[in-house]
file model-v7.cif (mmCIF, C-alpha atoms)
data_my_file
loop_
_atom_site.label_atom_id
_atom_site.label_comp_id
_atom_site.auth_asym_id
_atom_site.auth_seq_id
_atom_site.Cartn_x
_atom_site.Cartn_y
_atom_site.Cartn_z
CA MET A 1 27.75 -80.01 -41.79
CA THR A 2 24.70 -82.24 -41.57
CA VAL A 3 22.69 -82.85 -38.42
CA GLN A 4 23.96 -86.42 -38.46
CA GLN A 5 27.59 -85.27 -38.66
CA ALA A 6 27.06 -82.81 -35.83
CA ALA A 7 25.76 -85.65 -33.68
CA THR A 8 29.16 -87.37 -33.86
CA ARG A 9 30.97 -84.35 -32.47
CA GLY A 10 31.58 -84.65 -28.74
CA PRO A 11 32.40 -81.85 -26.30
CA ALA A 12 36.10 -82.05 -27.16
CA ALA A 13 35.28 -81.07 -30.75
CA ARG A 14 33.41 -77.89 -29.85
CA ALA A 15 34.92 -74.75 -31.31
CA GLU A 16 35.95 -72.31 -28.59
CA VAL A 17 36.28 -69.23 -30.84
CA PRO A 18 33.81 -68.55 -33.66
CA VAL A 19 34.51 -67.17 -37.11
CA LEU A 20 33.18 -63.80 -38.19
CA PRO A 21 29.53 -63.98 -39.28
CA GLY A 22 28.38 -62.77 -42.67
CA ALA A 23 27.33 -59.17 -43.25
CA ARG A 24 23.65 -58.29 -43.69
CA GLY A 25 23.94 -54.69 -44.89
CA PRO A 26 26.25 -51.65 -44.98
CA LEU A 27 26.72 -51.28 -41.22
CA SER A 28 27.64 -54.89 -40.61
CA ARG A 29 29.73 -54.99 -43.78
CA ALA A 30 31.80 -52.09 -42.46
CA VAL A 31 32.29 -53.90 -39.14
CA MET A 32 33.23 -57.21 -40.77
CA ASP A 33 35.58 -55.55 -43.27
CA THR A 34 37.31 -53.62 -40.50
CA LEU A 35 37.82 -56.70 -38.32
CA ALA A 36 39.07 -58.68 -41.30
CA GLY A 37 41.52 -55.91 -42.22
CA ARG A 38 39.64 -54.68 -45.27
CA PRO A 39 39.02 -50.90 -45.57
CA PRO A 40 37.02 -48.70 -45.23
CA GLY A 41 36.77 -48.39 -41.46
CA PRO A 42 33.56 -48.06 -39.46
CA SER A 43 33.98 -44.29 -39.00
CA ASP A 44 32.69 -43.90 -42.59
CA THR A 45 29.35 -45.44 -41.65
CA LEU A 46 28.27 -43.19 -38.76
CA THR A 47 25.91 -41.17 -40.94
CA ALA A 48 24.04 -44.36 -41.92
CA VAL A 49 23.29 -45.36 -38.34
CA ALA A 50 20.59 -42.75 -37.69
CA SER A 51 18.38 -44.13 -40.47
CA ALA A 52 18.96 -47.79 -39.62
CA ASP A 53 16.11 -50.03 -38.45
CA PRO A 54 16.82 -50.48 -34.70
CA TYR A 55 15.50 -54.05 -34.85
CA GLY A 56 16.78 -54.81 -38.35
CA GLU A 57 19.16 -57.48 -39.55
CA ASP A 58 22.01 -55.09 -40.40
CA LEU A 59 22.18 -53.19 -37.12
CA GLN A 60 21.60 -56.25 -34.92
CA ILE A 61 24.32 -58.43 -36.49
CA ALA A 62 26.70 -55.44 -36.43
CA LEU A 63 25.99 -54.90 -32.71
CA HIS A 64 26.32 -58.61 -31.97
CA THR A 65 29.71 -58.70 -33.68
CA CYS A 66 30.95 -55.67 -31.74
CA TYR A 67 29.79 -57.21 -28.47
CA GLU A 68 31.39 -60.57 -29.19
CA LEU A 69 34.77 -58.85 -29.07
CA HIS A 70 34.15 -58.58 -25.31
CA TYR A 71 33.36 -62.29 -25.00
CA ARG A 72 35.39 -64.84 -26.97
CA GLY A 73 36.26 -62.76 -30.01
CA PHE A 74 36.72 -64.28 -33.46
CA THR A 75 39.22 -66.50 -35.20
CA ASP A 76 42.00 -64.46 -36.87
CA VAL A 77 40.71 -61.17 -35.39
CA ASP A 78 43.12 -59.24 -33.17
CA PRO A 79 41.66 -59.14 -29.64
CA ASP A 80 42.74 -55.50 -29.29
CA TRP A 81 39.90 -54.50 -31.65
CA GLU A 82 37.80 -54.73 -28.48
CA TRP A 83 38.99 -51.21 -27.53
CA ASP A 84 39.39 -49.59 -30.94
CA PRO A 85 38.06 -46.00 -30.60
CA ASP A 86 36.40 -45.87 -34.03
CA LEU A 87 34.68 -49.21 -33.52
CA LEU A 88 33.49 -48.16 -30.07
CA ARG A 89 32.18 -44.91 -31.54
CA LEU A 90 30.18 -46.84 -34.12
CA ARG A 91 28.91 -49.26 -31.50
CA GLY A 92 27.82 -46.37 -29.31
CA ALA A 93 25.87 -44.82 -32.17
CA MET A 94 24.13 -48.12 -32.91
CA GLU A 95 23.38 -48.63 -29.22
CA ALA A 96 21.76 -45.22 -29.05
CA VAL A 97 19.38 -46.15 -31.88
CA PHE A 98 18.57 -49.52 -30.30
CA LEU A 99 18.15 -48.10 -26.78
CA ASP A 100 15.88 -45.31 -27.99
CA ALA A 101 13.64 -47.91 -29.64
CA LEU A 102 13.54 -50.03 -26.49
CA ARG A 103 12.70 -47.06 -24.29
CA ARG A 104 9.93 -46.03 -26.68
CA ASP A 105 8.41 -49.45 -27.24
CA ALA A 106 8.86 -50.94 -23.77
CA GLU A 107 6.87 -48.05 -22.31
CA LEU A 108 3.66 -49.49 -23.77
CA ARG A 109 1.78 -52.29 -22.06
CA ASP A 110 -0.19 -52.89 -25.27
CA PRO A 111 -0.53 -51.14 -28.65
CA GLY A 112 -3.37 -48.93 -27.42
CA ASP A 113 -1.67 -47.83 -24.20
CA VAL A 114 0.06 -44.81 -25.69
CA ASP A 115 -0.07 -42.05 -23.10
CA THR A 116 0.32 -43.75 -19.74
CA GLY A 117 3.97 -42.89 -19.09
CA ASP A 118 4.17 -46.02 -16.94
CA LEU A 119 7.89 -46.43 -17.54
CA ASN A 120 8.64 -43.29 -15.53
CA THR A 121 6.72 -44.28 -12.40
CA GLY A 122 9.33 -46.69 -11.08
CA ASP A 123 6.60 -49.23 -10.38
CA VAL A 124 9.03 -52.11 -9.95
CA ASP A 125 6.71 -54.27 -7.85
CA GLY A 126 3.92 -53.90 -10.37
CA ALA A 127 6.18 -54.80 -13.27
CA LEU A 128 7.44 -57.87 -11.42
CA ASP A 129 3.95 -58.94 -10.36
CA GLU A 130 2.88 -58.95 -14.01
CA LEU A 131 5.48 -61.64 -14.67
CA LEU A 132 3.98 -63.96 -12.07
CA VAL A 133 0.59 -64.17 -13.79
CA GLU A 134 0.41 -66.74 -16.56
CA PRO A 135 -2.79 -66.75 -18.66
CA VAL A 136 -4.85 -69.92 -18.48
CA ASP A 137 -4.93 -70.07 -22.28
CA GLY A 138 -1.20 -69.46 -22.71
CA HIS A 139 -0.05 -69.83 -26.30
CA GLY A 140 3.64 -68.94 -26.29
CA ILE A 141 6.62 -70.80 -27.69
CA THR A 142 6.96 -73.28 -24.84
CA HIS A 143 3.21 -73.94 -24.79
CA HIS A 144 3.37 -74.69 -28.52
CA LEU A 145 6.35 -77.03 -28.16
CA GLN A 146 4.78 -78.80 -25.19
CA ASP A 147 1.38 -79.35 -26.77
CA GLU A 148 1.64 -79.46 -30.55
CA GLY A 149 5.09 -78.59 -31.84
CA GLU A 150 6.93 -80.85 -34.27
CA ARG A 151 10.49 -82.05 -33.77
CA TRP A 152 11.86 -79.61 -36.34
CA HIS A 153 10.29 -76.79 -34.31
CA LEU A 154 12.16 -78.08 -31.26
CA LEU A 155 15.45 -78.16 -33.19
CA GLU A 156 14.98 -74.63 -34.46
CA HIS A 157 14.15 -73.41 -30.97
CA ALA A 158 17.36 -75.00 -29.68
CA ALA A 159 19.40 -73.35 -32.45
CA HIS A 160 17.86 -69.94 -31.76
CA ARG A 161 18.49 -70.12 -28.04
CA SER A 162 22.08 -71.31 -28.49
CA VAL A 163 23.05 -67.74 -29.34
CA TYR A 164 22.50 -66.92 -25.67
CA HIS A 165 22.67 -70.18 -23.75
CA LEU A 166 26.19 -71.07 -24.91
CA LYS A 167 27.26 -67.97 -22.97
CA GLU A 168 24.51 -68.13 -20.36
CA ALA A 169 25.04 -65.73 -17.42
CA ASP A 170 28.13 -64.14 -19.00
CA PRO A 171 26.30 -60.87 -19.88
CA HIS A 172 25.07 -60.59 -16.29
CA ALA A 173 28.59 -60.91 -14.90
CA TRP A 174 29.39 -57.46 -16.29
CA VAL A 175 27.14 -55.86 -13.68
CA VAL A 176 28.89 -57.36 -10.63
CA PRO A 177 31.47 -54.56 -10.16
CA ARG A 178 28.70 -51.97 -10.68
CA LEU A 179 26.78 -53.18 -7.58
CA ARG A 180 27.59 -53.08 -3.88
CA GLY A 181 26.52 -54.59 -0.59
CA ARG A 182 23.46 -56.84 -0.48
CA ALA A 183 22.73 -56.54 -4.20
CA LYS A 184 26.26 -57.60 -5.18
CA THR A 185 26.39 -60.51 -2.73
CA ALA A 186 23.03 -61.87 -3.85
CA LEU A 187 23.72 -61.53 -7.56
CA VAL A 188 27.07 -63.29 -7.21
CA ALA A 189 25.28 -66.13 -5.40
CA VAL A 190 22.92 -66.53 -8.37
CA GLU A 191 25.81 -66.37 -10.83
CA HIS A 192 27.66 -69.01 -8.80
CA ASP A 193 24.78 -71.40 -9.49
CA GLU A 194 24.66 -70.42 -13.18
CA PHE A 195 28.34 -71.24 -13.48
CA GLY A 196 27.90 -74.69 -11.96
CA GLY A 197 28.23 -74.05 -8.23
CA GLY A 198 31.89 -75.02 -8.34
CA ARG A 199 31.27 -78.09 -10.54
CA PRO A 200 32.52 -77.54 -14.10
CA GLU A 201 30.29 -80.31 -15.43
CA MET A 202 27.20 -78.41 -14.23
CA ILE A 203 27.90 -74.99 -15.75
CA HIS A 204 24.71 -74.06 -17.56
CA GLN A 205 26.56 -73.17 -20.76
CA GLY A 206 27.95 -76.69 -20.84
CA LEU A 207 24.56 -78.22 -20.08
CA TYR A 208 23.16 -76.41 -23.11
CA ALA A 209 26.00 -77.67 -25.28
CA ASP A 210 25.06 -81.16 -24.06
CA LEU A 211 21.46 -80.46 -25.08
CA LEU A 212 22.58 -79.51 -28.57
CA ASP A 213 24.72 -82.64 -28.83
CA ASP A 214 21.79 -84.75 -27.64
CA LEU A 215 19.55 -83.28 -30.33
CA GLY A 216 22.15 -83.80 -33.06
CA LEU A 217 22.90 -80.11 -33.46
CA ASP A 218 26.21 -78.24 -33.60
CA SER A 219 27.27 -77.30 -30.07
CA SER A 220 30.14 -75.04 -31.15
CA TYR A 221 30.03 -71.55 -29.68
CA GLY A 222 28.37 -69.21 -32.17
CA ALA A 223 27.47 -72.01 -34.57
CA TYR A 224 24.00 -70.62 -35.34
CA VAL A 225 24.65 -66.88 -35.27
CA ASP A 226 24.52 -66.66 -39.07
CA ALA A 227 21.21 -68.54 -39.06
CA ALA A 228 19.69 -66.46 -36.25
CA PRO A 229 17.45 -63.61 -37.39
CA ALA A 230 17.65 -60.12 -35.92
CA VAL A 231 14.65 -60.79 -33.71
CA MET A 232 16.72 -63.40 -31.85
CA LEU A 233 19.97 -61.42 -31.84
CA ALA A 234 18.17 -58.44 -30.30
CA THR A 235 17.33 -60.40 -27.13
CA VAL A 236 21.02 -61.13 -26.55
CA ASN A 237 22.27 -57.71 -27.68
CA MET A 238 19.99 -56.14 -25.09
CA MET A 239 21.73 -58.13 -22.34
CA SER A 240 25.19 -57.18 -23.58
CA MET A 241 24.28 -53.51 -23.88
CA PHE A 242 22.76 -53.38 -20.39
CA GLY A 243 25.71 -55.26 -18.92
CA LEU A 244 28.50 -53.31 -20.60
CA ARG A 245 27.10 -49.86 -19.80
CA ARG A 246 27.37 -48.92 -16.14
CA SER A 247 24.63 -46.34 -16.61
CA LEU A 248 22.23 -49.21 -17.43
CA ARG A 249 23.05 -51.41 -14.41
CA GLY A 250 19.47 -51.04 -13.17
CA ALA A 251 18.13 -52.25 -16.51
CA LEU A 252 20.41 -55.30 -16.44
CA VAL A 253 19.20 -56.20 -12.95
CA GLY A 254 15.57 -55.79 -14.11
CA HIS A 255 16.22 -57.98 -17.13
CA PHE A 256 17.91 -60.68 -15.04
CA ALA A 257 14.98 -60.76 -12.62
CA ALA A 258 12.47 -60.98 -15.46
CA ALA A 259 14.38 -63.84 -17.06
CA GLU A 260 14.67 -65.84 -13.84
CA ILE A 261 11.04 -65.29 -12.78
CA THR A 262 9.71 -66.64 -16.07
CA THR A 263 12.18 -69.51 -16.49
CA ALA A 264 10.84 -72.14 -14.08
CA PRO A 265 7.35 -72.52 -15.64
CA SER A 266 8.71 -72.37 -19.18
CA ALA A 267 11.42 -74.92 -18.28
CA ARG A 268 8.71 -77.32 -17.06
CA ARG A 269 6.96 -77.01 -20.41
CA MET A 270 10.22 -77.53 -22.29
CA ALA A 271 10.95 -80.68 -20.29
CA ARG A 272 7.53 -82.04 -21.30
CA ALA A 273 8.18 -81.02 -24.91
CA LEU A 274 11.48 -82.89 -24.94
CA GLU A 275 9.86 -85.99 -23.47
CA ARG A 276 7.11 -85.83 -26.10
CA LEU A 277 9.42 -85.13 -29.04
CA GLY A 278 12.17 -87.60 -28.25
CA GLY A 279 14.82 -85.57 -26.47
CA GLY A 280 17.34 -87.64 -24.55
CA PRO A 281 18.49 -87.33 -20.93
CA ARG A 282 21.26 -84.83 -21.69
CA ALA A 283 18.78 -82.49 -23.33
CA LEU A 284 16.28 -82.93 -20.53
CA ARG A 285 18.86 -82.19 -17.84
CA PHE A 286 19.33 -78.60 -19.00
CA TYR A 287 15.68 -77.78 -18.30
CA THR A 288 15.19 -79.88 -15.17
CA GLU A 289 18.20 -78.11 -13.65
CA HIS A 290 16.53 -74.74 -14.34
CA ILE A 291 13.17 -75.70 -12.84
CA GLU A 292 14.57 -75.94 -9.33
CA ALA A 293 17.40 -73.41 -9.58
CA ASP A 294 15.41 -70.55 -11.05
CA ALA A 295 12.50 -70.96 -8.64
CA VAL A 296 15.01 -70.00 -5.92
CA HIS A 297 16.78 -67.38 -8.04
CA GLU A 298 13.59 -65.40 -8.67
CA GLN A 299 13.19 -64.77 -4.94
CA VAL A 300 16.85 -63.82 -4.49
CA LEU A 301 16.76 -61.44 -7.45
CA ARG A 302 13.51 -59.79 -6.45
CA TYR A 303 14.13 -59.26 -2.75
CA ASP A 304 17.92 -59.16 -2.42
CA VAL A 305 19.32 -57.99 -5.75
CA ILE A 306 16.59 -55.54 -6.76
CA GLY A 307 15.72 -54.76 -3.15
CA GLY A 308 19.36 -54.13 -2.27
CA LEU A 309 20.00 -52.08 -5.40
CA LEU A 310 17.00 -49.80 -4.85
CA ALA A 311 17.77 -49.41 -1.16
CA ASP A 312 21.14 -48.00 -2.20
CA GLU A 313 20.06 -46.24 -5.41
CA PRO A 314 16.28 -45.65 -5.48
CA ASP A 315 16.60 -43.41 -8.54
CA LEU A 316 17.37 -46.52 -10.62
CA ALA A 317 13.80 -47.83 -10.29
CA PRO A 318 12.73 -46.62 -13.76
CA ASP A 319 15.73 -48.43 -15.28
CA VAL A 320 14.79 -51.64 -13.47
CA VAL A 321 11.30 -51.32 -14.99
CA LEU A 322 12.89 -50.70 -18.40
CA GLY A 323 14.88 -53.94 -18.08
CA ILE A 324 11.75 -55.92 -17.19
CA ARG A 325 9.58 -54.42 -19.92
CA ALA A 326 12.27 -54.53 -22.62
CA THR A 327 12.79 -58.22 -21.90
CA ASN A 328 9.07 -58.88 -22.31
CA LEU A 329 8.94 -56.79 -25.47
CA LEU A 330 11.76 -58.61 -27.22
CA GLU A 331 10.65 -62.05 -26.07
CA ASP A 332 7.13 -61.36 -27.37
CA ARG A 333 8.53 -60.23 -30.72
CA LEU A 334 10.62 -63.40 -30.95
CA ALA A 335 7.65 -65.61 -30.04
CA ASP A 336 5.44 -63.93 -32.64
CA HIS A 337 8.10 -64.45 -35.29
CA MET A 338 8.77 -68.10 -34.51
CA LEU A 339 5.13 -69.13 -34.15
CA GLY A 340 4.12 -67.20 -37.25
CA CYS A 341 6.78 -68.96 -39.31
CA TRP A 342 6.02 -72.41 -37.94
CA ARG A 343 2.29 -72.10 -38.48
CA ALA A 344 3.00 -71.11 -42.06
CA GLY A 345 5.19 -74.21 -42.47
CA ARG A 346 8.43 -72.29 -42.97
CA THR A 347 11.66 -72.00 -41.05
CA SER A 348 11.99 -69.35 -38.35
CA LEU A 349 15.74 -69.19 -38.99
CA ARG A 350 17.39 -67.30 -41.82
CA HIS A 351 17.89 -70.67 -43.50
CA PRO A 352 16.58 -74.08 -42.44
CA LEU A 353 18.64 -76.53 -40.46
CA PRO A 354 20.04 -79.40 -42.55
CA GLY A 355 17.74 -82.39 -42.52
CA THR A 356 14.68 -80.51 -41.22
CA VAL A 357 11.40 -79.86 -43.01
CA GLY A 358 11.20 -76.09 -42.52
CA ARG A 359 11.50 -74.18 -45.79
#
call {"tool": "encode", "arguments": {"input": "model-v7.cif", "output": "structure tokens"}}
result
Amino acid sequence: MTVQQAATRGPAARAEVPVLPGARGPLSRAVMDTLAGRPPGPSDTLTAVASADPYGEDLQIALHTCYELHYRGFTDVDPDWEWDPDLLRLRGAMEAVFLDALRRDAELRDPGDVDTGDLNTGDVDGALDELLVEPVDGHGITHHLQDEGERWHLLEHAAHRSVYHLKEADPHAWVVPRLRGRAKTALVAVEHDEFGGGRPEMIHQGLYADLLDDLGLDSSYGAYVDAAPAVMLATVNMMSMFGLRRSLRGALVGHFAAAEITTAPSARRMARALERLGGGPRALRFYTEHIEADAVHEQVLRYDVIGGLLADEPDLAPDVVLGIRATNLLEDRLADHMLGCWRAGRTSLRHPLPGTVGR
């Protein structure tokens, strides 16, 4: 499908259930073959997990596929695979590898900060305060798109982010039954806004689909998963892992707070980027909606969700810090990848979008 053809597809044409993505190695091939009814099953691959790259293409697409069974599933895949014991065993082994890497790497503030042990201090306020300080000479993805990015950079950014934003706030809903009292009430209030505040036309997932339509991209759920590299998939897999594991409820809350605290300033930059690069009103609306909403959400998450959670369960403070730091880690890795590719004149996706100049 060309970009021009995608532009003619309205909301009614959006696919609700994606097809299975392509395999990227032995782990993901075992998962895809199993779900498609082709032996051997995933139990034969457990020994390969321990040596897998925790951030690599094979493990990340395999994890993403396992997690999607808990969301919309896949065309022609039996929904009961969601609870298959062998598949869950494989997913658990892959999660252990990924989580170990996040715990190890998120502990470091910078490459030279090896022995601080900061992650074990439970310094939640300090970790949150770090998010509120933006460097004067900021040079991240949204700075680049606002100031100097080309339109094809904007399109690639939209395709990358579609992997999450077309199911925005769904991963965080998993944590609701794991909370109680003030934390639960406050988080549900934030989720209510994310899901449109009672107005179906304002659900953030739908606003992002409108953005994709506005930019002439495919707004079907999962349309760009095959194009998304592991460095993008990891940011979404982290959310799913934190949300689906009750033991990581503190990390999910930390992640959610980190995401909301950093959204408002980045959304302002994205709105300016869209105005500069020719985005239409439907694309702009997604970011203008987030500027106001997330400025409020950051306060609710910090003082009511995190505050309520730690008042009830203070021992979860290190997990909250893990969620904050892991979010920063993976977002920094994604930014480095995208900017490095763009500055070299090549696509940041696994293959360029039709009609764009990235190679």
call {"tool": "resolve_selection", "arguments": {"input": "model-v7.cif", "expression": "the PyMOL selection byres ((chain A and resi 330) around 10)", "output": "ChimeraX atom specification"}}
result
/A:55,102,105-106,231-236,238,325-329,331-336
call {"tool": "residues_around", "arguments": {"input": "model-v7.cif", "residues": "His143 in chain A", "least_positions_apart": "2", "cutoff": "10 Å", "atoms": "only C-alpha atoms", "output": "number ranges by chain"}}
result
A: 137-141, 145-149, 266, 269-270, 272-273
call {"tool": "residues_around", "arguments": {"input": "model-v7.cif", "residues": "Gly254 in chain A", "least_positions_apart": "4", "cutoff": "8 Å", "atoms": "all atoms listed in the file", "output": "ChimeraX atom specification"}}
result
/A:250,258,306,319-324
call {"tool": "resolve_selection", "arguments": {"input": "model-v7.cif", "expression": "the PyMOL selection byres ((chain A and resi 287) around 8)", "output": "PyMOL selection string"}}
result
chain A and resi 267-268+270-271+283-286+288-291
call {"tool": "atom_distance", "arguments": {"input": "model-v7.cif", "atom1": "CA of Asp53 in chain A", "atom2": "CA of Arg350 in chain A"}}
result
17.6 Å
call {"tool": "resolve_selection", "arguments": {"input": "model-v7.cif", "expression": "the PyMOL selection byres ((chain A and resi 168-174) around 8)", "output": "JSON, numbers by chain"}}
result
{"A": [164, 165, 166, 167, 175, 176, 177, 178, 191, 194, 195, 204, 205, 239, 240, 243, 244, 252, 256]}
call {"tool": "write_last_selection", "arguments": {"input": "model-v7.cif", "atoms": "C-alpha atoms", "output": "PDB file, keeping the file's coordinate frame"}}
result
ATOM      1  CA  TYR A 164      22.500 -66.920 -25.670  1.00  0.00           C
ATOM      2  CA  HIS A 165      22.670 -70.180 -23.750  1.00  0.00           C
ATOM      3  CA  LEU A 166      26.190 -71.070 -24.910  1.00  0.00           C
ATOM      4  CA  LYS A 167      27.260 -67.970 -22.970  1.00  0.00           C
ATOM      5  CA  VAL A 175      27.140 -55.860 -13.680  1.00  0.00           C
ATOM      6  CA  VAL A 176      28.890 -57.360 -10.630  1.00  0.00           C
ATOM      7  CA  PRO A 177      31.470 -54.560 -10.160  1.00  0.00           C
ATOM      8  CA  ARG A 178      28.700 -51.970 -10.680  1.00  0.00           C
ATOM      9  CA  GLU A 191      25.810 -66.370 -10.830  1.00  0.00           C
ATOM     10  CA  GLU A 194      24.660 -70.420 -13.180  1.00  0.00           C
ATOM     11  CA  PHE A 195      28.340 -71.240 -13.480  1.00  0.00           C
ATOM     12  CA  HIS A 204      24.710 -74.060 -17.560  1.00  0.00           C
ATOM     13  CA  GLN A 205      26.560 -73.170 -20.760  1.00  0.00           C
ATOM     14  CA  MET A 239      21.730 -58.130 -22.340  1.00  0.00           C
ATOM     15  CA  SER A 240      25.190 -57.180 -23.580  1.00  0.00           C
ATOM     16  CA  GLY A 243      25.710 -55.260 -18.920  1.00  0.00           C
ATOM     17  CA  LEU A 244      28.500 -53.310 -20.600  1.00  0.00           C
ATOM     18  CA  LEU A 252      20.410 -55.300 -16.440  1.00  0.00           C
ATOM     19  CA  PHE A 256      17.910 -60.680 -15.040  1.00  0.00           C
TER      20      PHE A 256
END
